[in-house]
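Structure file data-v9.cif (mmCIF, C-alpha atoms and all ligand atoms) follows.
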data_start
#
loop_
_atom_site.label_atom_id
_atom_site.label_comp_id
_atom_site.auth_asym_id
_atom_site.auth_seq_id
_atom_site.Cartn_x
_atom_site.Cartn_y
_atom_site.Cartn_z
CA MET R 10 99.73 109.80 121.81
CA SER R 11 102.79 108.76 119.85
CA PHE R 12 103.68 105.99 117.43
CA ALA R 13 106.93 105.35 119.38
CA PRO R 14 105.62 102.72 121.87
CA LEU R 15 103.87 100.81 119.06
CA LEU R 16 107.05 100.83 116.98
CA ASP R 17 109.16 99.59 119.88
CA ASN R 18 106.67 96.81 120.53
CA LEU R 19 106.27 95.83 116.87
CA PRO R 20 108.50 92.71 117.02
CA LEU R 21 106.18 91.30 119.73
CA GLN R 22 102.80 92.68 118.80
CA LYS R 23 101.48 93.20 115.29
CA SER R 24 97.96 93.97 114.12
CA GLN R 25 96.30 91.52 111.73
CA LEU R 26 96.92 93.96 108.91
CA ILE R 27 100.65 94.09 109.63
CA HIS R 28 100.76 90.28 109.87
CA ARG R 29 99.26 90.15 106.36
CA PHE R 30 101.68 92.82 105.17
CA ALA R 31 104.60 90.75 106.52
CA ASP R 32 103.40 87.84 104.41
CA LEU R 33 103.13 90.08 101.33
CA VAL R 34 106.79 91.14 101.61
CA SER R 35 108.11 87.63 102.26
CA PRO R 36 109.92 85.83 99.38
CA LYS R 37 107.55 84.88 96.53
CA SER R 38 107.71 82.54 93.56
CA ASP R 39 107.29 84.06 90.08
CA ALA R 40 103.67 82.90 89.96
CA GLU R 41 102.89 84.37 93.39
CA PHE R 42 104.59 87.61 92.46
CA GLU R 43 102.52 87.84 89.27
CA GLU R 44 99.35 87.33 91.30
CA LEU R 45 100.34 90.15 93.69
CA ALA R 46 101.02 92.46 90.74
CA GLN R 47 97.59 91.75 89.22
CA GLN R 48 95.82 92.30 92.53
CA ALA R 49 97.69 95.57 93.14
CA HIS R 50 96.93 96.80 89.63
CA ALA R 51 93.21 96.00 89.97
CA LEU R 52 93.01 97.80 93.33
CA SER R 53 94.80 100.83 91.92
CA LEU R 54 92.34 101.03 89.04
CA ARG R 55 89.39 100.71 91.39
CA ASN R 56 90.60 103.41 93.78
CA PHE R 57 92.48 105.85 91.58
CA GLY R 58 91.35 105.14 88.04
CA ARG R 59 94.01 105.71 85.39
CA THR R 60 95.28 108.95 86.87
CA MET R 61 98.85 109.86 87.83
CA ARG R 62 99.54 113.07 89.74
CA LEU R 63 102.69 114.81 88.53
CA PHE R 64 104.68 117.08 90.83
CA ALA R 65 108.12 118.68 91.00
CA PRO R 66 110.42 119.34 93.94
CA LEU R 67 111.58 122.95 94.29
CA TYR R 68 114.75 123.09 96.40
CA LEU R 69 114.89 126.32 98.40
CA SER R 70 118.14 125.80 100.31
CA ASN R 71 120.89 123.23 100.76
CA GLU R 72 122.14 124.65 104.07
CA CYS R 73 121.96 122.10 106.85
CA ILE R 74 123.06 121.83 110.48
CA ASN R 75 122.76 118.05 110.59
CA ASN R 76 125.22 115.37 109.62
CA CYS R 77 123.38 112.46 108.01
CA GLN R 78 125.97 110.13 106.56
CA TYR R 79 123.97 109.32 103.42
CA CYS R 80 123.08 112.89 102.41
CA GLY R 81 124.97 115.30 100.15
CA PHE R 82 123.73 118.31 102.15
CA SER R 83 125.35 117.10 105.42
CA ARG R 84 126.91 119.99 107.34
CA ASP R 85 130.47 118.70 107.07
CA ASN R 86 130.40 118.17 103.30
CA ALA R 87 132.37 120.95 101.58
CA ILE R 88 129.71 121.64 98.95
CA LEU R 89 128.43 124.73 97.17
CA ARG R 90 125.46 126.07 99.09
CA VAL R 91 122.81 128.70 98.68
CA THR R 92 119.43 129.72 100.06
CA LEU R 93 117.25 131.24 97.35
CA SER R 94 115.74 134.68 97.91
CA LEU R 95 111.99 135.06 97.58
CA GLU R 96 112.37 136.51 94.07
CA GLN R 97 114.59 133.58 93.07
CA VAL R 98 112.05 131.10 94.46
CA VAL R 99 109.31 132.77 92.45
CA ALA R 100 111.44 132.58 89.28
CA GLU R 101 111.99 128.85 89.83
CA GLY R 102 108.26 128.43 90.51
CA ARG R 103 107.31 130.29 87.32
CA HIS R 104 109.52 127.95 85.31
CA LEU R 105 107.80 124.90 86.81
CA ALA R 106 104.36 126.44 86.27
CA GLN R 107 105.26 127.04 82.60
CA GLU R 108 106.19 123.38 82.29
CA GLY R 109 102.66 122.57 83.42
CA PHE R 110 103.10 121.75 87.12
CA ARG R 111 100.43 122.87 89.57
CA GLN R 112 101.70 120.72 92.46
CA ILE R 113 105.08 121.37 94.03
CA LEU R 114 107.09 120.15 96.96
CA LEU R 115 109.30 122.80 98.62
CA VAL R 116 112.45 121.11 99.92
CA ALA R 117 115.19 122.49 102.17
CA GLY R 118 117.88 121.28 104.52
CA GLU R 119 117.42 121.93 108.23
CA HIS R 120 118.84 125.33 109.14
CA PRO R 121 116.60 127.57 111.25
CA LYS R 122 118.73 130.66 110.48
CA PHE R 123 118.28 130.37 106.71
CA VAL R 124 115.05 128.34 106.51
CA SER R 125 112.84 129.89 109.20
CA GLN R 126 109.10 129.43 109.42
CA ASN R 127 108.67 133.05 108.25
CA TYR R 128 110.81 132.39 105.18
CA LEU R 129 108.80 129.26 104.39
CA ALA R 130 105.47 131.05 104.87
CA ASP R 131 106.67 133.86 102.56
CA CYS R 132 107.73 131.33 99.90
CA VAL R 133 104.36 129.55 100.08
CA ARG R 134 102.44 132.84 99.89
CA ALA R 135 104.44 133.90 96.85
CA LEU R 136 103.82 130.58 95.06
CA VAL R 137 100.12 130.14 95.87
CA PRO R 138 98.90 132.06 92.79
CA ASP R 139 100.66 129.57 90.49
CA PHE R 140 100.12 126.27 92.33
CA SER R 141 96.98 124.50 93.48
CA SER R 142 98.90 122.19 95.86
CA ILE R 143 102.02 123.12 97.83
CA SER R 144 103.75 120.70 100.20
CA ILE R 145 106.90 121.18 102.26
CA GLU R 146 109.73 118.81 103.13
CA VAL R 147 111.94 120.60 105.66
CA GLY R 148 113.33 120.03 109.17
CA PRO R 149 110.66 119.01 111.73
CA MET R 150 109.03 121.89 113.62
CA GLU R 151 106.67 122.54 116.51
CA THR R 152 102.94 122.62 115.74
CA ALA R 153 102.83 126.38 116.40
CA ASP R 154 105.59 126.97 113.86
CA TYR R 155 103.71 125.06 111.17
CA ILE R 156 100.51 127.09 111.58
CA PRO R 157 101.67 130.24 109.67
CA ILE R 158 102.90 128.00 106.84
CA VAL R 159 99.51 126.27 106.60
CA GLN R 160 97.78 129.66 106.79
CA ALA R 161 99.98 130.87 103.93
CA GLY R 162 98.52 128.09 101.77
CA ALA R 163 100.62 124.92 102.21
CA GLU R 164 98.52 121.77 102.45
CA GLY R 165 101.09 118.95 102.56
CA LEU R 166 103.86 117.96 104.95
CA VAL R 167 106.45 115.35 104.00
CA VAL R 168 108.86 113.87 106.52
CA TYR R 169 110.68 110.58 106.07
CA GLN R 170 111.92 108.74 109.13
CA GLU R 171 114.82 107.52 106.92
CA THR R 172 115.20 104.36 109.05
CA TYR R 173 112.87 103.04 111.74
CA ASP R 174 115.70 101.06 113.31
CA ARG R 175 116.79 103.09 116.33
CA GLU R 176 120.35 101.75 116.40
CA THR R 177 120.96 102.37 112.72
CA TYR R 178 119.37 105.80 113.06
CA ALA R 179 121.78 106.70 115.90
CA GLU R 180 124.80 105.51 113.87
CA LEU R 181 123.87 107.44 110.73
CA HIS R 182 122.78 110.73 112.27
CA THR R 183 126.00 111.77 113.92
CA SER R 184 125.25 115.39 114.88
CA GLY R 185 122.50 117.99 114.86
CA PRO R 186 118.88 118.05 116.05
CA LYS R 187 117.96 115.21 113.71
CA ARG R 188 119.58 112.83 116.20
CA ASP R 189 116.30 112.97 118.16
CA PHE R 190 114.49 109.93 116.69
CA ASN R 191 111.16 110.45 118.50
CA TRP R 192 110.95 114.15 117.63
CA ARG R 193 111.08 113.19 113.97
CA LEU R 194 108.75 110.21 114.42
CA ASP R 195 105.96 112.41 115.83
CA CYS R 196 106.34 115.13 113.22
CA ALA R 197 103.41 114.06 111.02
CA GLU R 198 101.00 114.37 113.95
CA ARG R 199 102.27 117.83 114.86
CA GLY R 200 101.73 118.82 111.24
CA TYR R 201 98.21 117.36 111.29
CA GLU R 202 97.39 119.37 114.40
CA ALA R 203 98.61 122.48 112.59
CA GLY R 204 96.19 121.80 109.74
CA PHE R 205 98.17 119.99 107.02
CA ARG R 206 95.78 117.77 105.07
CA ARG R 207 98.29 115.68 103.15
CA LEU R 208 100.89 113.81 105.19
CA GLY R 209 103.77 112.03 103.48
CA ILE R 210 106.00 109.54 105.24
CA GLY R 211 108.68 107.17 104.01
CA ALA R 212 111.90 105.28 104.65
CA LEU R 213 115.18 105.43 102.78
CA PHE R 214 115.80 101.91 101.52
CA GLY R 215 119.42 100.80 101.75
CA LEU R 216 120.05 101.85 105.36
CA SER R 217 118.72 98.68 106.95
CA ARG R 218 117.04 95.36 105.96
CA TRP R 219 114.22 96.32 103.63
CA GLN R 220 111.56 93.89 104.93
CA GLU R 221 111.90 95.12 108.52
CA GLU R 222 111.95 98.75 107.42
CA ALA R 223 108.83 98.11 105.33
CA LEU R 224 106.99 96.56 108.27
CA SER R 225 107.69 99.57 110.48
CA LEU R 226 106.65 101.95 107.73
CA ALA R 227 103.42 100.01 107.19
CA ALA R 228 102.69 100.11 110.92
CA HIS R 229 103.28 103.88 110.86
CA VAL R 230 100.83 104.24 107.95
CA GLU R 231 98.25 102.17 109.84
CA TYR R 232 98.74 104.36 112.91
CA LEU R 233 98.39 107.64 110.97
CA LEU R 234 95.25 106.41 109.18
CA LYS R 235 93.67 105.95 112.62
CA HIS R 236 94.98 109.09 114.30
CA CYS R 237 95.08 111.59 111.45
CA TRP R 238 92.03 110.29 109.63
CA GLN R 239 91.10 113.55 107.94
CA ALA R 240 94.43 113.70 106.14
CA GLN R 241 95.38 111.96 102.92
CA ILE R 242 98.38 109.75 103.69
CA THR R 243 101.08 109.12 101.11
CA VAL R 244 104.03 106.79 101.36
CA SER R 245 107.40 107.05 99.59
CA LEU R 246 109.83 104.21 99.06
CA PRO R 247 113.07 105.87 97.90
CA ARG R 248 116.21 103.82 97.40
CA LEU R 249 119.57 105.40 98.16
CA ARG R 250 121.29 107.21 95.28
CA PRO R 251 124.90 108.45 94.99
CA ALA R 252 125.46 111.80 96.70
CA ALA R 253 128.28 114.05 97.93
CA GLY R 254 130.01 112.29 100.84
CA GLU R 255 130.03 108.99 98.91
CA PHE R 256 128.12 106.94 101.42
CA HIS R 257 127.80 103.27 100.49
CA PRO R 258 124.49 101.65 101.44
CA ALA R 259 124.90 98.63 103.70
CA PHE R 260 121.80 96.91 102.34
CA SER R 261 120.44 96.45 98.87
CA MET R 262 116.95 96.21 97.50
CA THR R 263 116.46 94.82 94.01
CA ASP R 264 114.04 96.19 91.42
CA ARG R 265 111.80 93.17 91.93
CA GLU R 266 111.78 93.71 95.70
CA LEU R 267 110.80 97.35 95.17
CA ALA R 268 107.97 96.21 92.88
CA GLN R 269 106.83 93.68 95.49
CA LEU R 270 106.87 96.38 98.16
CA ILE R 271 104.70 98.70 96.07
CA CYS R 272 102.23 95.83 95.57
CA ALA R 273 102.26 95.09 99.32
CA PHE R 274 101.41 98.70 100.17
CA ARG R 275 98.69 98.91 97.51
CA ILE R 276 97.05 95.65 98.63
CA SER R 277 97.28 96.49 102.36
CA PHE R 278 96.30 100.16 102.04
CA PRO R 279 94.15 100.49 98.90
CA GLU R 280 93.47 104.23 99.41
CA VAL R 281 96.94 105.41 100.38
CA GLY R 282 98.94 107.41 97.83
CA ILE R 283 102.26 105.92 96.69
CA VAL R 284 104.98 108.29 95.47
CA LEU R 285 107.73 107.38 93.00
CA SER R 286 110.57 109.83 92.40
CA THR R 287 113.14 110.36 89.66
CA ARG R 288 115.66 108.48 91.80
CA GLU R 289 114.53 105.43 89.83
CA ARG R 290 115.45 105.02 86.16
CA ALA R 291 112.95 105.72 83.42
CA GLU R 292 112.16 102.13 82.28
CA LEU R 293 111.68 100.96 85.85
CA ARG R 294 109.36 103.88 86.66
CA ASP R 295 107.27 103.08 83.60
CA ALA R 296 107.02 99.44 84.67
CA LEU R 297 106.19 100.24 88.32
CA ALA R 298 103.52 102.85 87.58
CA PRO R 299 100.59 100.41 87.04
CA LEU R 300 101.31 98.51 90.28
CA GLY R 301 99.92 101.21 92.54
CA VAL R 302 101.93 104.40 92.11
CA THR R 303 99.71 107.50 92.33
CA MET R 304 102.23 110.36 92.27
CA MET R 305 105.40 110.82 90.25
CA SER R 306 107.91 113.62 90.17
CA ALA R 307 109.27 114.54 86.75
CA GLY R 308 112.14 116.59 85.34
CA SER R 309 113.48 117.04 88.88
CA HIS R 310 116.52 118.96 90.08
CA THR R 311 117.81 118.43 93.60
CA GLU R 312 119.88 121.61 93.85
CA PRO R 313 118.47 125.04 94.77
CA GLY R 314 118.21 127.08 91.57
CA GLY R 315 118.55 123.95 89.45
CA TYR R 316 115.75 124.79 87.02
CA THR R 317 116.76 128.31 86.02
CA GLY R 318 120.23 128.93 87.50
CA GLN R 319 118.83 131.21 90.22
CA GLY R 320 121.21 131.87 93.11
CA SER R 321 124.40 131.11 91.17
CA ASP R 322 125.83 134.54 92.11
CA ASP R 323 125.19 133.93 95.81
CA LEU R 324 126.97 130.59 96.22
CA HIS R 325 129.36 129.86 99.06
CA ARG R 326 131.24 126.78 100.15
CA THR R 327 131.25 125.48 103.70
CA LEU R 328 134.05 123.71 105.52
CA ARG R 329 132.73 121.88 108.57
CA GLY R 330 129.88 124.38 108.74
CA LYS R 331 132.11 127.47 108.28
CA ILE R 332 131.49 129.64 105.23
CA VAL R 333 134.46 130.12 102.89
CA ALA R 334 134.82 131.85 99.51
CA PRO R 335 133.59 129.64 96.65
CA GLU R 336 136.70 128.83 94.65
CA PHE R 337 135.52 126.82 91.67
CA GLU R 338 137.44 123.79 90.59
CA ASN R 339 138.25 123.41 86.90
CA GLY R 340 135.09 122.73 84.93
CA GLU R 341 132.87 122.82 88.04
CA ASP R 342 129.34 124.06 87.37
CA ARG R 343 128.41 127.35 89.01
CA LEU R 344 125.39 125.74 90.57
CA ALA R 345 124.63 124.72 94.13
CA THR R 346 125.38 121.05 94.88
CA GLY R 347 122.43 118.68 94.55
CA GLN R 348 121.18 116.39 97.31
CA PHE R 349 121.58 113.23 95.23
CA GLU R 350 121.81 112.15 91.61
CA ILE R 351 118.60 111.51 89.76
CA SER R 352 118.13 108.64 87.29
CA ASP R 353 115.09 109.53 85.21
CA GLU R 354 116.24 112.59 83.31
CA ARG R 355 113.25 112.85 80.97
CA SER R 356 111.45 116.19 80.75
CA PRO R 357 108.01 116.53 82.39
CA ALA R 358 106.41 116.57 78.91
CA GLU R 359 108.19 113.32 77.96
CA VAL R 360 107.07 111.62 81.19
CA ALA R 361 103.49 112.79 80.59
CA ALA R 362 103.59 111.53 76.98
CA VAL R 363 104.81 108.08 78.06
CA LEU R 364 102.10 107.91 80.73
CA ARG R 365 99.45 108.75 78.12
CA ARG R 366 100.79 106.10 75.75
CA ARG R 367 100.47 103.60 78.59
CA GLY R 368 96.85 104.53 79.25
CA PHE R 369 97.28 106.94 82.18
CA GLU R 370 95.88 110.43 82.45
CA PRO R 371 98.66 112.68 83.82
CA VAL R 372 97.12 115.04 86.38
CA TRP R 373 99.05 118.27 86.78
CA LYS R 374 96.52 119.91 89.08
CA ASP R 375 95.19 118.80 92.43
CA TRP R 376 94.06 115.18 92.21
CA ASP R 377 90.48 115.79 93.38
CA ALA R 378 90.04 118.80 91.13
CA GLY R 379 91.43 116.72 88.26
CA LEU R 380 88.50 114.32 88.58
CA VAL R 381 85.92 117.10 88.18
CA PRO R 382 85.05 117.70 84.52
CA SER R 383 85.71 121.34 83.54
S1 LIG W 401 118.99 114.34 105.10
FE1 LIG W 401 118.06 116.31 105.57
S2 LIG W 401 118.76 116.76 107.61
FE2 LIG W 401 120.14 115.20 106.84
S3 LIG W 401 121.86 116.32 105.95
FE3 LIG W 401 120.36 115.95 104.34
S4 LIG W 401 119.13 117.79 104.26
FE4 LIG W 401 120.20 117.78 106.22
#
Now that the file is in, can you turn its structure into structure tokens?
Ligand code: SF4
Amino acid sequence: MSFAPLLDNLPLQKSQLIHRFADLVSPKSDAEFEELAQQAHALSLRNFGRTMRLFAPLYLSNECINNCQYCGFSRDNAILRVTLSLEQVVAEGRHLAQEGFRQILLVAGEHPKFVSQNYLADCVRALVPDFSSISIEVGPMETADYIPIVQAGAEGLVVYQETYDRETYAELHTSGPKRDFNWRLDCAERGYEAGFRRLGIGALFGLSRWQEEALSLAAHVEYLLKHCWQAQITVSLPRLRPAAGEFHPAFSMTDRELAQLICAFRISFPEVGIVLSTRERAELRDALAPLGVTMMSAGSHTEPGGYTGQGSDDLHRTLRGKIVAPEFENGEDRLATGQFEISDERSPAEVAAVLRRRGFEPVWKDWDAGLVPS
């Protein structure tokens, strides 16, 4: 079974739920929008209480064999790259654990030579003592390759389709294995088969018309809820941010449209987790939180070694995939290049304090465990 035929048929055949979702993302008056916001807020309270899970991304490597036009890590970008050693990963992890995090997302570009399944399993094993929840966001793999990573202690798999529009996908992914749209589309199910119990999907808003992208993403959520029913599904709605390569998004999505989309997901899928990253600016994140967001990253760095400077002695630059000596330009930081710029630069403690002031309980540990009184 695959979501692909359903996606391709979506313009002609939609479930009742997706019909309702389409109405929720259609243009709304101020009064209608206010009503959606209230409904979404009430559903969030009913299903998640006043909790907000906090997590941090830990970038392991910015090596990549793909060229994705919107991404700073693209193979042909002449950026400073590094893959952290196990000891360096542990040092980054310790820093995050000291800041209070117990949930992390391990992120890496797609490069089987540097980011193998053995390397990932070793990283997870080394981090398990400090973290109650470890997820990975790396290049798609076969089910068999995921199994050792799950056995090492990872419980979550995150893979964004980026865009569900096949033509746009083909235009933006110009070389590398990521060009295979269906291989990526079926990744969540392969991860589920391997034993991941949290599955995160998403689209990158700005690549195509947001309403159509949202409809496809909602249909994918509906499909996964049916076919991977033992997993907790989360959805991410990132908007494009500036990155190396200076890609300019062809489509925009306003703050209000993002808020409407969060409401639409919360109302249509009351039990699905909604993730909001530091791509969005602080005031907007604070305003969006009550509408249905259940997980927020905080204090994020998008470069390997970004928290503690690990790996700065091992940097190299690449020119069209070829490694060259890292000559530093005047004033250039001796840090690997980040994937994209973040907007909310507050520390994790500041984010937690603001959440508390607004009536949320920041949950640093696993969400379920956080509900059990100690
Ligand atoms: S989006 Fe992912 S696969 Fe594409 S260049 Fe960036 S890190 Fe590599």
With distances taken over all atoms listed in the file, which of R:Asp322, R:Glu198, R:Glu146, R:Glu266 is nearest to ligand LIG 401 (chain W)?
R:Glu146
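Atom CA of R:Thr317 lies 24.6 Å from atom CA of R:Gln126.
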Enumerate as number ranges by chain the residues within 10 Å of ligand LIG 401 (chain W), counting all atoms listed in the file.
R: 70-86, 116-120, 146-149, 168-171, 181-188, 213, 348-349
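The nearest approach to R:Gly320 among the residues R:Leu114, R:Glu96, R:Pro251, R:Ile143, with all atoms listed in the file taken into account, belongs to R:Glu96.
Counting from atom CA of R:Ser125, the distance to atom CA of R:Pro313 is 16.2 Å.
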